[in-house]
>>> print(open('model-v6.cif').read())   # mmCIF, N, CA, C and O atoms and all ligand atoms
data_work
#
loop_
_atom_site.label_atom_id
_atom_site.label_comp_id
_atom_site.auth_asym_id
_atom_site.auth_seq_id
_atom_site.Cartn_x
_atom_site.Cartn_y
_atom_site.Cartn_z
N MET A 1 0.85 -1.20 0.00
CA MET A 1 0.00 0.00 0.00
C MET A 1 0.89 1.25 0.00
O MET A 1 1.74 1.41 0.86
N ASN A 2 0.71 2.12 -1.00
CA ASN A 2 1.56 3.30 -1.01
C ASN A 2 1.04 4.34 -0.03
O ASN A 2 -0.08 4.27 0.46
N GLU A 3 1.89 5.34 0.28
CA GLU A 3 1.55 6.29 1.33
C GLU A 3 0.30 7.09 1.00
O GLU A 3 -0.55 7.32 1.85
N ARG A 4 0.18 7.48 -0.25
CA ARG A 4 -0.97 8.30 -0.64
C ARG A 4 -2.27 7.56 -0.34
O ARG A 4 -3.23 8.10 0.21
N TRP A 5 -2.35 6.29 -0.67
CA TRP A 5 -3.56 5.51 -0.47
C TRP A 5 -3.83 5.30 1.02
O TRP A 5 -4.97 5.39 1.47
N SER A 6 -2.78 5.04 1.82
CA SER A 6 -2.98 4.76 3.23
C SER A 6 -3.48 5.98 4.00
O SER A 6 -4.04 5.86 5.07
N GLN A 7 -3.28 7.17 3.45
CA GLN A 7 -3.72 8.38 4.15
C GLN A 7 -5.17 8.76 3.84
O GLN A 7 -5.71 9.67 4.46
N LEU A 8 -5.80 8.05 2.93
CA LEU A 8 -7.18 8.38 2.58
C LEU A 8 -8.15 7.92 3.67
O LEU A 8 -7.98 6.85 4.25
N SER A 9 -9.16 8.71 3.96
CA SER A 9 -10.19 8.32 4.92
C SER A 9 -11.07 7.24 4.30
O SER A 9 -11.06 7.03 3.08
N PHE A 10 -11.86 6.59 5.15
CA PHE A 10 -12.79 5.57 4.65
C PHE A 10 -13.75 6.19 3.63
O PHE A 10 -14.02 5.60 2.58
N GLU A 11 -14.24 7.39 3.93
CA GLU A 11 -15.19 8.04 3.03
C GLU A 11 -14.55 8.31 1.67
O GLU A 11 -15.17 8.11 0.62
N ASP A 12 -13.27 8.75 1.70
CA ASP A 12 -12.60 9.02 0.43
C ASP A 12 -12.37 7.72 -0.36
O ASP A 12 -12.47 7.70 -1.58
N ARG A 13 -12.09 6.65 0.38
CA ARG A 13 -11.90 5.37 -0.31
C ARG A 13 -13.22 4.92 -0.94
O ARG A 13 -13.24 4.42 -2.07
N MET A 14 -14.31 5.09 -0.19
CA MET A 14 -15.60 4.68 -0.72
C MET A 14 -15.98 5.49 -1.95
O MET A 14 -16.72 5.01 -2.82
N ALA A 15 -15.47 6.72 -2.04
CA ALA A 15 -15.78 7.55 -3.19
C ALA A 15 -15.14 6.98 -4.46
O ALA A 15 -15.49 7.37 -5.57
N THR A 16 -14.18 6.06 -4.30
CA THR A 16 -13.54 5.45 -5.47
C THR A 16 -14.25 4.16 -5.88
O THR A 16 -13.81 3.49 -6.81
N VAL A 17 -15.31 3.80 -5.16
CA VAL A 17 -16.03 2.57 -5.47
C VAL A 17 -17.31 2.90 -6.23
O VAL A 17 -18.04 3.82 -5.87
N GLU A 18 -17.53 2.16 -7.31
CA GLU A 18 -18.73 2.38 -8.11
C GLU A 18 -19.52 1.07 -8.14
O GLU A 18 -18.93 -0.01 -8.19
N PHE A 19 -20.84 1.17 -8.06
CA PHE A 19 -21.68 -0.03 -8.13
C PHE A 19 -22.51 0.03 -9.41
O PHE A 19 -23.30 0.97 -9.59
N ARG A 20 -22.31 -0.94 -10.27
CA ARG A 20 -23.14 -1.04 -11.48
C ARG A 20 -24.23 -2.07 -11.17
O ARG A 20 -23.97 -3.28 -11.19
N VAL A 21 -25.39 -1.56 -10.83
CA VAL A 21 -26.44 -2.42 -10.28
C VAL A 21 -27.15 -3.18 -11.40
O VAL A 21 -27.73 -2.58 -12.30
N GLY A 22 -27.08 -4.48 -11.32
CA GLY A 22 -27.78 -5.32 -12.29
C GLY A 22 -29.23 -5.51 -11.89
O GLY A 22 -29.60 -5.34 -10.73
N GLU A 23 -30.07 -5.85 -12.86
CA GLU A 23 -31.49 -6.07 -12.56
C GLU A 23 -31.67 -7.35 -11.76
O GLU A 23 -32.57 -7.47 -10.94
N ARG A 24 -30.81 -8.34 -12.01
CA ARG A 24 -30.92 -9.61 -11.29
C ARG A 24 -30.13 -9.52 -9.99
O ARG A 24 -28.97 -9.11 -10.00
N ALA A 25 -30.76 -9.88 -8.89
CA ALA A 25 -30.05 -9.90 -7.60
C ALA A 25 -29.05 -11.06 -7.61
O ALA A 25 -29.44 -12.21 -7.80
N HIS A 26 -27.75 -10.76 -7.45
CA HIS A 26 -26.75 -11.82 -7.48
C HIS A 26 -26.69 -12.57 -6.14
O HIS A 26 -26.12 -13.65 -6.07
N ILE A 27 -27.25 -11.96 -5.09
CA ILE A 27 -27.39 -12.64 -3.80
C ILE A 27 -28.85 -12.53 -3.39
O ILE A 27 -29.43 -11.44 -3.47
N THR A 28 -29.42 -13.64 -2.95
CA THR A 28 -30.77 -13.58 -2.39
C THR A 28 -30.73 -14.22 -1.01
O THR A 28 -29.91 -15.10 -0.73
N VAL A 29 -31.60 -13.75 -0.14
CA VAL A 29 -31.66 -14.24 1.23
C VAL A 29 -33.08 -14.72 1.50
O VAL A 29 -34.04 -13.99 1.22
N ASP A 30 -33.21 -15.93 2.02
CA ASP A 30 -34.51 -16.52 2.33
C ASP A 30 -34.89 -16.14 3.76
O ASP A 30 -34.44 -16.78 4.72
N SER A 31 -35.68 -15.12 3.90
CA SER A 31 -36.02 -14.60 5.22
C SER A 31 -36.76 -15.63 6.08
O SER A 31 -36.67 -15.59 7.31
N ASP A 32 -37.47 -16.57 5.44
CA ASP A 32 -38.16 -17.62 6.20
C ASP A 32 -37.14 -18.48 6.97
O ASP A 32 -37.38 -18.88 8.10
N ILE A 33 -36.02 -18.78 6.33
CA ILE A 33 -34.97 -19.56 7.00
C ILE A 33 -34.32 -18.71 8.09
O ILE A 33 -34.03 -19.19 9.19
N CYS A 34 -34.12 -17.44 7.82
CA CYS A 34 -33.48 -16.54 8.79
C CYS A 34 -34.26 -16.44 10.10
O CYS A 34 -33.67 -16.22 11.17
N ARG A 35 -35.55 -16.61 10.03
CA ARG A 35 -36.37 -16.47 11.25
C ARG A 35 -35.97 -17.48 12.33
O ARG A 35 -36.13 -17.21 13.52
N SER A 36 -35.43 -18.61 11.94
CA SER A 36 -35.02 -19.60 12.95
C SER A 36 -33.54 -19.48 13.30
O SER A 36 -32.99 -20.28 14.04
N CYS A 37 -32.87 -18.47 12.76
CA CYS A 37 -31.44 -18.26 13.04
C CYS A 37 -31.29 -17.40 14.29
O CYS A 37 -31.85 -16.31 14.37
N THR A 38 -30.55 -17.89 15.26
CA THR A 38 -30.43 -17.17 16.53
C THR A 38 -29.24 -16.22 16.56
O THR A 38 -29.19 -15.32 17.40
N THR A 39 -28.27 -16.41 15.68
CA THR A 39 -27.04 -15.60 15.77
C THR A 39 -27.03 -14.37 14.87
O THR A 39 -26.36 -13.38 15.17
N LYS A 40 -27.69 -14.47 13.73
CA LYS A 40 -27.73 -13.35 12.75
C LYS A 40 -26.32 -12.83 12.45
O LYS A 40 -26.08 -11.60 12.42
N ASP A 41 -25.39 -13.74 12.24
CA ASP A 41 -23.99 -13.36 12.01
C ASP A 41 -23.81 -12.44 10.80
O ASP A 41 -22.90 -11.60 10.78
N CYS A 42 -24.65 -12.59 9.81
CA CYS A 42 -24.53 -11.76 8.60
C CYS A 42 -24.65 -10.27 8.90
O CYS A 42 -24.03 -9.44 8.24
N VAL A 43 -25.45 -9.93 9.90
CA VAL A 43 -25.72 -8.51 10.20
C VAL A 43 -24.43 -7.78 10.59
O VAL A 43 -24.17 -6.67 10.13
N VAL A 44 -23.61 -8.41 11.41
CA VAL A 44 -22.36 -7.75 11.82
C VAL A 44 -21.21 -8.04 10.86
O VAL A 44 -20.26 -7.28 10.78
N ALA A 45 -21.31 -9.14 10.11
CA ALA A 45 -20.18 -9.54 9.26
C ALA A 45 -20.12 -8.78 7.93
O ALA A 45 -19.04 -8.57 7.39
N CYS A 46 -21.25 -8.36 7.43
CA CYS A 46 -21.25 -7.71 6.11
C CYS A 46 -20.62 -6.32 6.21
O CYS A 46 -21.13 -5.45 6.92
N PRO A 47 -19.52 -6.06 5.51
CA PRO A 47 -18.86 -4.76 5.59
C PRO A 47 -19.68 -3.63 4.99
O PRO A 47 -19.40 -2.46 5.25
N ALA A 48 -20.68 -3.98 4.21
CA ALA A 48 -21.50 -2.96 3.57
C ALA A 48 -22.84 -2.74 4.30
O ALA A 48 -23.66 -1.96 3.84
N ASN A 49 -23.04 -3.46 5.41
CA ASN A 49 -24.29 -3.32 6.19
C ASN A 49 -25.54 -3.56 5.36
O ASN A 49 -26.49 -2.78 5.43
N LEU A 50 -25.54 -4.63 4.60
CA LEU A 50 -26.67 -4.88 3.71
C LEU A 50 -27.74 -5.77 4.32
O LEU A 50 -28.80 -5.97 3.71
N PHE A 51 -27.50 -6.32 5.52
CA PHE A 51 -28.47 -7.20 6.17
C PHE A 51 -29.11 -6.46 7.34
O PHE A 51 -28.42 -5.99 8.25
N ALA A 52 -30.42 -6.35 7.32
CA ALA A 52 -31.12 -5.65 8.41
C ALA A 52 -32.14 -6.59 9.04
O ALA A 52 -33.01 -7.13 8.34
N PRO A 53 -32.05 -6.81 10.36
CA PRO A 53 -33.04 -7.66 11.03
C PRO A 53 -34.42 -7.00 10.99
O PRO A 53 -34.52 -5.78 11.11
N THR A 54 -35.45 -7.80 10.83
CA THR A 54 -36.82 -7.28 10.83
C THR A 54 -37.51 -7.67 12.14
O THR A 54 -37.05 -8.57 12.85
N ALA A 55 -38.59 -7.00 12.45
CA ALA A 55 -39.28 -7.21 13.73
C ALA A 55 -39.78 -8.64 13.89
O ALA A 55 -39.90 -9.14 15.01
N ASP A 56 -40.05 -9.32 12.78
CA ASP A 56 -40.58 -10.69 12.88
C ASP A 56 -39.47 -11.74 12.91
O ASP A 56 -39.72 -12.93 12.76
N GLY A 57 -38.22 -11.30 13.10
CA GLY A 57 -37.11 -12.25 13.22
C GLY A 57 -36.43 -12.59 11.91
O GLY A 57 -35.46 -13.35 11.88
N GLY A 58 -36.93 -12.04 10.82
CA GLY A 58 -36.34 -12.31 9.51
C GLY A 58 -35.23 -11.32 9.17
O GLY A 58 -34.71 -10.62 10.04
N ILE A 59 -34.89 -11.29 7.91
CA ILE A 59 -33.83 -10.41 7.42
C ILE A 59 -34.30 -9.67 6.18
O ILE A 59 -34.91 -10.27 5.28
N LEU A 60 -34.01 -8.39 6.15
CA LEU A 60 -34.23 -7.61 4.95
C LEU A 60 -32.87 -7.44 4.29
O LEU A 60 -31.91 -7.01 4.95
N PHE A 61 -32.77 -7.78 3.02
CA PHE A 61 -31.46 -7.74 2.36
C PHE A 61 -31.53 -6.91 1.08
O PHE A 61 -32.46 -7.02 0.30
N ASN A 62 -30.50 -6.08 0.88
CA ASN A 62 -30.41 -5.25 -0.31
C ASN A 62 -29.06 -5.54 -1.00
O ASN A 62 -28.02 -5.31 -0.41
N TYR A 63 -29.10 -6.03 -2.22
CA TYR A 63 -27.87 -6.47 -2.89
C TYR A 63 -27.12 -5.35 -3.60
O TYR A 63 -25.98 -5.54 -4.07
N GLU A 64 -27.69 -4.16 -3.68
CA GLU A 64 -27.21 -3.16 -4.63
C GLU A 64 -25.80 -2.62 -4.36
O GLU A 64 -25.09 -2.26 -5.29
N GLU A 65 -25.37 -2.53 -3.09
CA GLU A 65 -24.03 -1.99 -2.82
C GLU A 65 -23.13 -3.08 -2.23
O GLU A 65 -22.35 -2.84 -1.31
N CYS A 66 -23.23 -4.25 -2.80
CA CYS A 66 -22.46 -5.41 -2.33
C CYS A 66 -21.03 -5.35 -2.87
O CYS A 66 -20.80 -5.08 -4.04
N PHE A 67 -20.05 -5.62 -1.99
CA PHE A 67 -18.63 -5.64 -2.39
C PHE A 67 -18.21 -6.98 -3.02
O PHE A 67 -17.07 -7.14 -3.42
N GLU A 68 -19.12 -7.97 -3.00
CA GLU A 68 -18.82 -9.31 -3.54
C GLU A 68 -17.68 -9.98 -2.79
O GLU A 68 -16.87 -10.69 -3.39
N CYS A 69 -17.61 -9.75 -1.48
CA CYS A 69 -16.51 -10.32 -0.70
C CYS A 69 -16.77 -11.76 -0.28
O CYS A 69 -15.84 -12.49 0.06
N GLY A 70 -18.03 -12.18 -0.26
CA GLY A 70 -18.36 -13.56 0.10
C GLY A 70 -18.45 -13.82 1.59
O GLY A 70 -18.72 -14.95 2.00
N THR A 71 -18.26 -12.81 2.41
CA THR A 71 -18.25 -13.01 3.87
C THR A 71 -19.59 -13.56 4.38
O THR A 71 -19.62 -14.46 5.21
N CYS A 72 -20.69 -13.01 3.90
CA CYS A 72 -22.01 -13.46 4.39
C CYS A 72 -22.18 -14.95 4.14
O CYS A 72 -22.66 -15.68 5.00
N TYR A 73 -21.78 -15.41 2.99
CA TYR A 73 -21.92 -16.82 2.62
C TYR A 73 -21.05 -17.69 3.53
O TYR A 73 -21.42 -18.80 3.90
N GLN A 74 -19.89 -17.15 3.93
CA GLN A 74 -18.97 -17.90 4.79
C GLN A 74 -19.48 -18.01 6.22
O GLN A 74 -19.32 -19.04 6.87
N VAL A 75 -20.08 -16.95 6.73
CA VAL A 75 -20.47 -16.94 8.15
C VAL A 75 -21.84 -17.56 8.40
O VAL A 75 -22.15 -17.94 9.52
N CYS A 76 -22.67 -17.65 7.38
CA CYS A 76 -24.03 -18.16 7.57
C CYS A 76 -24.01 -19.66 7.81
O CYS A 76 -23.45 -20.42 7.03
N ASN A 77 -24.65 -20.07 8.90
CA ASN A 77 -24.67 -21.49 9.26
C ASN A 77 -25.93 -22.22 8.79
O ASN A 77 -26.06 -23.42 8.99
N SER A 78 -26.86 -21.49 8.20
CA SER A 78 -28.14 -22.09 7.83
C SER A 78 -28.16 -22.44 6.35
O SER A 78 -28.15 -21.55 5.49
N GLU A 79 -28.21 -23.72 6.07
CA GLU A 79 -28.23 -24.22 4.70
C GLU A 79 -29.36 -23.57 3.89
O GLU A 79 -30.51 -23.57 4.33
N GLY A 80 -29.01 -22.99 2.77
CA GLY A 80 -30.03 -22.45 1.86
C GLY A 80 -30.50 -21.04 2.16
O GLY A 80 -31.29 -20.49 1.40
N ALA A 81 -30.02 -20.46 3.26
CA ALA A 81 -30.49 -19.12 3.60
C ALA A 81 -29.98 -18.09 2.59
O ALA A 81 -30.68 -17.16 2.22
N ILE A 82 -28.74 -18.25 2.14
CA ILE A 82 -28.14 -17.32 1.19
C ILE A 82 -27.84 -18.03 -0.11
O ILE A 82 -27.22 -19.10 -0.12
N THR A 83 -28.30 -17.45 -1.19
CA THR A 83 -27.93 -17.95 -2.52
C THR A 83 -27.00 -16.93 -3.13
O THR A 83 -27.35 -15.76 -3.28
N TRP A 84 -25.77 -17.34 -3.43
CA TRP A 84 -24.70 -16.42 -3.79
C TRP A 84 -24.17 -16.72 -5.19
O TRP A 84 -23.77 -17.85 -5.48
N THR A 85 -24.19 -15.73 -6.06
CA THR A 85 -23.53 -15.85 -7.36
C THR A 85 -22.85 -14.51 -7.64
O THR A 85 -23.12 -13.53 -6.95
N TYR A 86 -22.00 -14.49 -8.64
CA TYR A 86 -21.45 -13.20 -9.06
C TYR A 86 -22.48 -12.48 -9.92
O TYR A 86 -23.33 -13.11 -10.54
N PRO A 87 -22.41 -11.14 -9.96
CA PRO A 87 -23.32 -10.39 -10.84
C PRO A 87 -23.08 -10.78 -12.29
O PRO A 87 -22.03 -11.30 -12.66
N ASP A 88 -24.06 -10.47 -13.13
CA ASP A 88 -23.91 -10.71 -14.56
C ASP A 88 -22.76 -9.85 -15.10
O ASP A 88 -22.38 -8.85 -14.49
N GLY A 89 -22.20 -10.24 -16.23
CA GLY A 89 -21.03 -9.58 -16.81
C GLY A 89 -21.18 -8.07 -16.91
O GLY A 89 -22.21 -7.57 -17.35
N GLY A 90 -20.14 -7.36 -16.47
CA GLY A 90 -20.12 -5.90 -16.58
C GLY A 90 -20.85 -5.19 -15.46
O GLY A 90 -20.84 -3.96 -15.39
N GLN A 91 -21.46 -5.97 -14.55
CA GLN A 91 -22.18 -5.34 -13.46
C GLN A 91 -21.53 -5.67 -12.13
O GLN A 91 -20.64 -6.49 -12.05
N GLY A 92 -21.99 -4.99 -11.07
CA GLY A 92 -21.44 -5.23 -9.75
C GLY A 92 -20.47 -4.14 -9.35
O GLY A 92 -20.46 -3.04 -9.91
N VAL A 93 -19.64 -4.47 -8.36
CA VAL A 93 -18.76 -3.46 -7.79
C VAL A 93 -17.55 -3.21 -8.70
O VAL A 93 -17.03 -4.11 -9.35
N VAL A 94 -17.13 -1.93 -8.76
CA VAL A 94 -15.94 -1.55 -9.52
C VAL A 94 -15.04 -0.75 -8.58
O VAL A 94 -15.45 0.28 -8.05
N PHE A 95 -13.81 -1.25 -8.34
CA PHE A 95 -12.86 -0.54 -7.49
C PHE A 95 -11.93 0.27 -8.38
O PHE A 95 -11.24 -0.29 -9.23
N ARG A 96 -11.94 1.58 -8.20
CA ARG A 96 -11.10 2.45 -9.02
C ARG A 96 -10.06 3.08 -8.12
O ARG A 96 -10.35 3.97 -7.34
N ARG A 97 -8.85 2.61 -8.18
CA ARG A 97 -7.79 3.14 -7.31
C ARG A 97 -6.73 3.84 -8.14
O ARG A 97 -6.32 3.36 -9.17
N GLY A 98 -6.27 4.99 -7.63
CA GLY A 98 -5.17 5.68 -8.29
C GLY A 98 -5.65 6.74 -9.25
O GLY A 98 -6.80 7.01 -9.39
S1 LIG B 101 -28.48 -15.02 6.31
FE1 LIG B 101 -27.74 -16.72 7.56
S2 LIG B 101 -26.68 -15.75 9.31
FE2 LIG B 101 -27.98 -14.20 8.37
S3 LIG B 101 -29.90 -14.30 9.53
FE3 LIG B 101 -30.14 -15.59 7.69
S4 LIG B 101 -29.61 -17.63 8.41
FE4 LIG B 101 -28.78 -16.19 9.93
S1 LIG B 102 -20.77 -10.50 -0.35
FE1 LIG B 102 -19.84 -9.18 1.25
S2 LIG B 102 -20.62 -7.11 0.85
FE2 LIG B 102 -21.91 -8.55 -0.31
S3 LIG B 102 -23.65 -8.95 0.99
FE3 LIG B 102 -22.14 -10.57 1.42
S4 LIG B 102 -20.87 -9.81 3.14
FE4 LIG B 102 -22.04 -8.06 2.30
#
>>> encode(input="model-v6.cif", output="structure tokens", more="lines below")
Ligand code: SF4
Ligand code: SF4
Amino acid sequence: MNERWSQLSFEDRMATVEFRVGERAHITVDSDICRSCTTKDCVVACPANLFAPTADGGILFNYEECFECGTCYQVCNSEGAITWTYPDGGQGVVFRRG
């Protein structure tokens, strides 16, 4: 990491990220399965804060500003709760550095 990049604030770094939002959700979350999940690990693990607990114990999920890091898929212990694919070609997150 060069010095110029390391001195940038989080907000400035995020300003270099672009999201090309596809019509097809590349990640879907089955809120019915989430209702029986007691840990809700995805809520704290997602660096983009895309998982929001709902009052009925489920999860509200928004795929649009996803970094495609795969963390949610790794931490989720409930089979079938998360369906994860990459966005369609040319869409998704774009990191522009420098
Ligand atoms: S996505 Fe996985 S970790 Fe998150 S609430 Fe649903 S079952 Fe739990
Ligand atoms: S892939 Fe990463 S950024 Fe996208 S929803 Fe999962 S944890 Fe969040």
>>> residues_around(input="model-v6.cif", residues="Gly92 in chain A", least_positions_apart="5", cutoff="7 Å", atoms="all atoms listed in the file", output="count of residues only")
8
>>> residues_around(input="model-v6.cif", residues="Ala45 in chain A", least_positions_apart="3", cutoff="6 Å", atoms="all atoms listed in the file", output="compact mmCIF listing (two decimals) with N, CA, C and O atoms, in the frame of the given file")
# COMPACT_ATOMS: atom_id res chain seq x y z
N LYS A 40 -27.69 -14.47 13.73
CA LYS A 40 -27.73 -13.35 12.75
C LYS A 40 -26.32 -12.83 12.45
O LYS A 40 -26.08 -11.60 12.42
N ASP A 41 -25.39 -13.74 12.24
CA ASP A 41 -23.99 -13.36 12.01
C ASP A 41 -23.81 -12.44 10.80
O ASP A 41 -22.90 -11.60 10.78
N CYS A 42 -24.65 -12.59 9.81
CA CYS A 42 -24.53 -11.76 8.60
C CYS A 42 -24.65 -10.27 8.90
O CYS A 42 -24.03 -9.44 8.24
N ALA A 48 -20.68 -3.98 4.21
CA ALA A 48 -21.50 -2.96 3.57
C ALA A 48 -22.84 -2.74 4.30
O ALA A 48 -23.66 -1.96 3.84
N THR A 71 -18.26 -12.81 2.41
CA THR A 71 -18.25 -13.01 3.87
C THR A 71 -19.59 -13.56 4.38
O THR A 71 -19.62 -14.46 5.21
N CYS A 72 -20.69 -13.01 3.90
CA CYS A 72 -22.01 -13.46 4.39
C CYS A 72 -22.18 -14.95 4.14
O CYS A 72 -22.66 -15.68 5.00
>>> residues_near_ligand(input="model-v6.cif", ligand="ligand LIG 102 (chain B)", cutoff="8 Å", atoms="all atoms listed in the file", output="PyMOL selection string")
chain A and resi 27+42+44-51+62-74+84-85
>>> residues_near_ligand(input="model-v6.cif", ligand="ligand LIG 101 (chain B)", cutoff="8 Å", atoms="all atoms listed in the file", output="short mmCIF file (atom, residue, chain, number, x, y, z; two decimals) with N, CA, C and O atoms, keeping the file's coordinate frame")
data_model
loop_
_atom_site.label_atom_id
_atom_site.label_comp_id
_atom_site.auth_asym_id
_atom_site.auth_seq_id
_atom_site.Cartn_x
_atom_site.Cartn_y
_atom_site.Cartn_z
N THR A 28 -29.42 -13.64 -2.95
CA THR A 28 -30.77 -13.58 -2.39
C THR A 28 -30.73 -14.22 -1.01
O THR A 28 -29.91 -15.10 -0.73
N VAL A 29 -31.60 -13.75 -0.14
CA VAL A 29 -31.66 -14.24 1.23
C VAL A 29 -33.08 -14.72 1.50
O VAL A 29 -34.04 -13.99 1.22
N ASP A 30 -33.21 -15.93 2.02
CA ASP A 30 -34.51 -16.52 2.33
C ASP A 30 -34.89 -16.14 3.76
O ASP A 30 -34.44 -16.78 4.72
N SER A 31 -35.68 -15.12 3.90
CA SER A 31 -36.02 -14.60 5.22
C SER A 31 -36.76 -15.63 6.08
O SER A 31 -36.67 -15.59 7.31
N ASP A 32 -37.47 -16.57 5.44
CA ASP A 32 -38.16 -17.62 6.20
C ASP A 32 -37.14 -18.48 6.97
O ASP A 32 -37.38 -18.88 8.10
N ILE A 33 -36.02 -18.78 6.33
CA ILE A 33 -34.97 -19.56 7.00
C ILE A 33 -34.32 -18.71 8.09
O ILE A 33 -34.03 -19.19 9.19
N CYS A 34 -34.12 -17.44 7.82
CA CYS A 34 -33.48 -16.54 8.79
C CYS A 34 -34.26 -16.44 10.10
O CYS A 34 -33.67 -16.22 11.17
N ARG A 35 -35.55 -16.61 10.03
CA ARG A 35 -36.37 -16.47 11.25
C ARG A 35 -35.97 -17.48 12.33
O ARG A 35 -36.13 -17.21 13.52
N SER A 36 -35.43 -18.61 11.94
CA SER A 36 -35.02 -19.60 12.95
C SER A 36 -33.54 -19.48 13.30
O SER A 36 -32.99 -20.28 14.04
N CYS A 37 -32.87 -18.47 12.76
CA CYS A 37 -31.44 -18.26 13.04
C CYS A 37 -31.29 -17.40 14.29
O CYS A 37 -31.85 -16.31 14.37
N THR A 38 -30.55 -17.89 15.26
CA THR A 38 -30.43 -17.17 16.53
C THR A 38 -29.24 -16.22 16.56
O THR A 38 -29.19 -15.32 17.40
N THR A 39 -28.27 -16.41 15.68
CA THR A 39 -27.04 -15.60 15.77
C THR A 39 -27.03 -14.37 14.87
O THR A 39 -26.36 -13.38 15.17
N LYS A 40 -27.69 -14.47 13.73
CA LYS A 40 -27.73 -13.35 12.75
C LYS A 40 -26.32 -12.83 12.45
O LYS A 40 -26.08 -11.60 12.42
N ASP A 41 -25.39 -13.74 12.24
CA ASP A 41 -23.99 -13.36 12.01
C ASP A 41 -23.81 -12.44 10.80
O ASP A 41 -22.90 -11.60 10.78
N CYS A 42 -24.65 -12.59 9.81
CA CYS A 42 -24.53 -11.76 8.60
C CYS A 42 -24.65 -10.27 8.90
O CYS A 42 -24.03 -9.44 8.24
N VAL A 43 -25.45 -9.93 9.90
CA VAL A 43 -25.72 -8.51 10.20
C VAL A 43 -24.43 -7.78 10.59
O VAL A 43 -24.17 -6.67 10.13
N VAL A 44 -23.61 -8.41 11.41
CA VAL A 44 -22.36 -7.75 11.82
C VAL A 44 -21.21 -8.04 10.86
O VAL A 44 -20.26 -7.28 10.78
N PHE A 51 -27.50 -6.32 5.52
CA PHE A 51 -28.47 -7.20 6.17
C PHE A 51 -29.11 -6.46 7.34
O PHE A 51 -28.42 -5.99 8.25
N ALA A 52 -30.42 -6.35 7.32
CA ALA A 52 -31.12 -5.65 8.41
C ALA A 52 -32.14 -6.59 9.04
O ALA A 52 -33.01 -7.13 8.34
N PRO A 53 -32.05 -6.81 10.36
CA PRO A 53 -33.04 -7.66 11.03
C PRO A 53 -34.42 -7.00 10.99
O PRO A 53 -34.52 -5.78 11.11
N GLY A 57 -38.22 -11.30 13.10
CA GLY A 57 -37.11 -12.25 13.22
C GLY A 57 -36.43 -12.59 11.91
O GLY A 57 -35.46 -13.35 11.88
N GLY A 58 -36.93 -12.04 10.82
CA GLY A 58 -36.34 -12.31 9.51
C GLY A 58 -35.23 -11.32 9.17
O GLY A 58 -34.71 -10.62 10.04
N ILE A 59 -34.89 -11.29 7.91
CA ILE A 59 -33.83 -10.41 7.42
C ILE A 59 -34.30 -9.67 6.18
O ILE A 59 -34.91 -10.27 5.28
N LEU A 60 -34.01 -8.39 6.15
CA LEU A 60 -34.23 -7.61 4.95
C LEU A 60 -32.87 -7.44 4.29
O LEU A 60 -31.91 -7.01 4.95
N CYS A 72 -20.69 -13.01 3.90
CA CYS A 72 -22.01 -13.46 4.39
C CYS A 72 -22.18 -14.95 4.14
O CYS A 72 -22.66 -15.68 5.00
N TYR A 73 -21.78 -15.41 2.99
CA TYR A 73 -21.92 -16.82 2.62
C TYR A 73 -21.05 -17.69 3.53
O TYR A 73 -21.42 -18.80 3.90
N VAL A 75 -20.08 -16.95 6.73
CA VAL A 75 -20.47 -16.94 8.15
C VAL A 75 -21.84 -17.56 8.40
O VAL A 75 -22.15 -17.94 9.52
N CYS A 76 -22.67 -17.65 7.38
CA CYS A 76 -24.03 -18.16 7.57
C CYS A 76 -24.01 -19.66 7.81
O CYS A 76 -23.45 -20.42 7.03
N ASN A 77 -24.65 -20.07 8.90
CA ASN A 77 -24.67 -21.49 9.26
C ASN A 77 -25.93 -22.22 8.79
O ASN A 77 -26.06 -23.42 8.99
N SER A 78 -26.86 -21.49 8.20
CA SER A 78 -28.14 -22.09 7.83
C SER A 78 -28.16 -22.44 6.35
O SER A 78 -28.15 -21.55 5.49
N GLU A 79 -28.21 -23.72 6.07
CA GLU A 79 -28.23 -24.22 4.70
C GLU A 79 -29.36 -23.57 3.89
O GLU A 79 -30.51 -23.57 4.33
N GLY A 80 -29.01 -22.99 2.77
CA GLY A 80 -30.03 -22.45 1.86
C GLY A 80 -30.50 -21.04 2.16
O GLY A 80 -31.29 -20.49 1.40
N ALA A 81 -30.02 -20.46 3.26
CA ALA A 81 -30.49 -19.12 3.60
C ALA A 81 -29.98 -18.09 2.59
O ALA A 81 -30.68 -17.16 2.22
N ILE A 82 -28.74 -18.25 2.14
CA ILE A 82 -28.14 -17.32 1.19
C ILE A 82 -27.84 -18.03 -0.11
O ILE A 82 -27.22 -19.10 -0.12
N THR A 83 -28.30 -17.45 -1.19
CA THR A 83 -27.93 -17.95 -2.52
C THR A 83 -27.00 -16.93 -3.13
O THR A 83 -27.35 -15.76 -3.28
#
>>> select_by_dssp(input="model-v6.cif", residues="range 31-90 of chain A", states="strand (DSSP E)", output="PyMOL selection string")
chain A and resi 51-53+59-61+82-84
>>> atom_distance(input="model-v6.cif", atom1="atom N of Ser6 in chain A", atom2="CA of Tyr86 in chain A")
28.3 Å
>>> decode(input="model-v6.cif", residues="range 79-90 of chain A", atoms="C-alpha atoms", output="PDB file, in the first residue's frame")
ATOM      1  CA  GLU A  79     -28.232 -24.224   4.696  1.00  0.00           C
ATOM      2  CA  GLY A  80     -30.029 -22.452   1.864  1.00  0.00           C
ATOM      3  CA  ALA A  81     -30.490 -19.116   3.598  1.00  0.00           C
ATOM      4  CA  ILE A  82     -28.138 -17.315   1.190  1.00  0.00           C
ATOM      5  CA  THR A  83     -27.934 -17.952  -2.525  1.00  0.00           C
ATOM      6  CA  TRP A  84     -24.695 -16.416  -3.792  1.00  0.00           C
ATOM      7  CA  THR A  85     -23.533 -15.853  -7.361  1.00  0.00           C
ATOM      8  CA  TYR A  86     -21.447 -13.202  -9.064  1.00  0.00           C
ATOM      9  CA  PRO A  87     -23.324 -10.395 -10.836  1.00  0.00           C
ATOM     10  CA  ASP A  88     -23.910 -10.708 -14.565  1.00  0.00           C
ATOM     11  CA  GLY A  89     -21.032  -9.581 -16.808  1.00  0.00           C
ATOM     12  CA  GLY A  90     -20.124  -5.904 -16.584  1.00  0.00           C
TER      13      GLY A  90
END
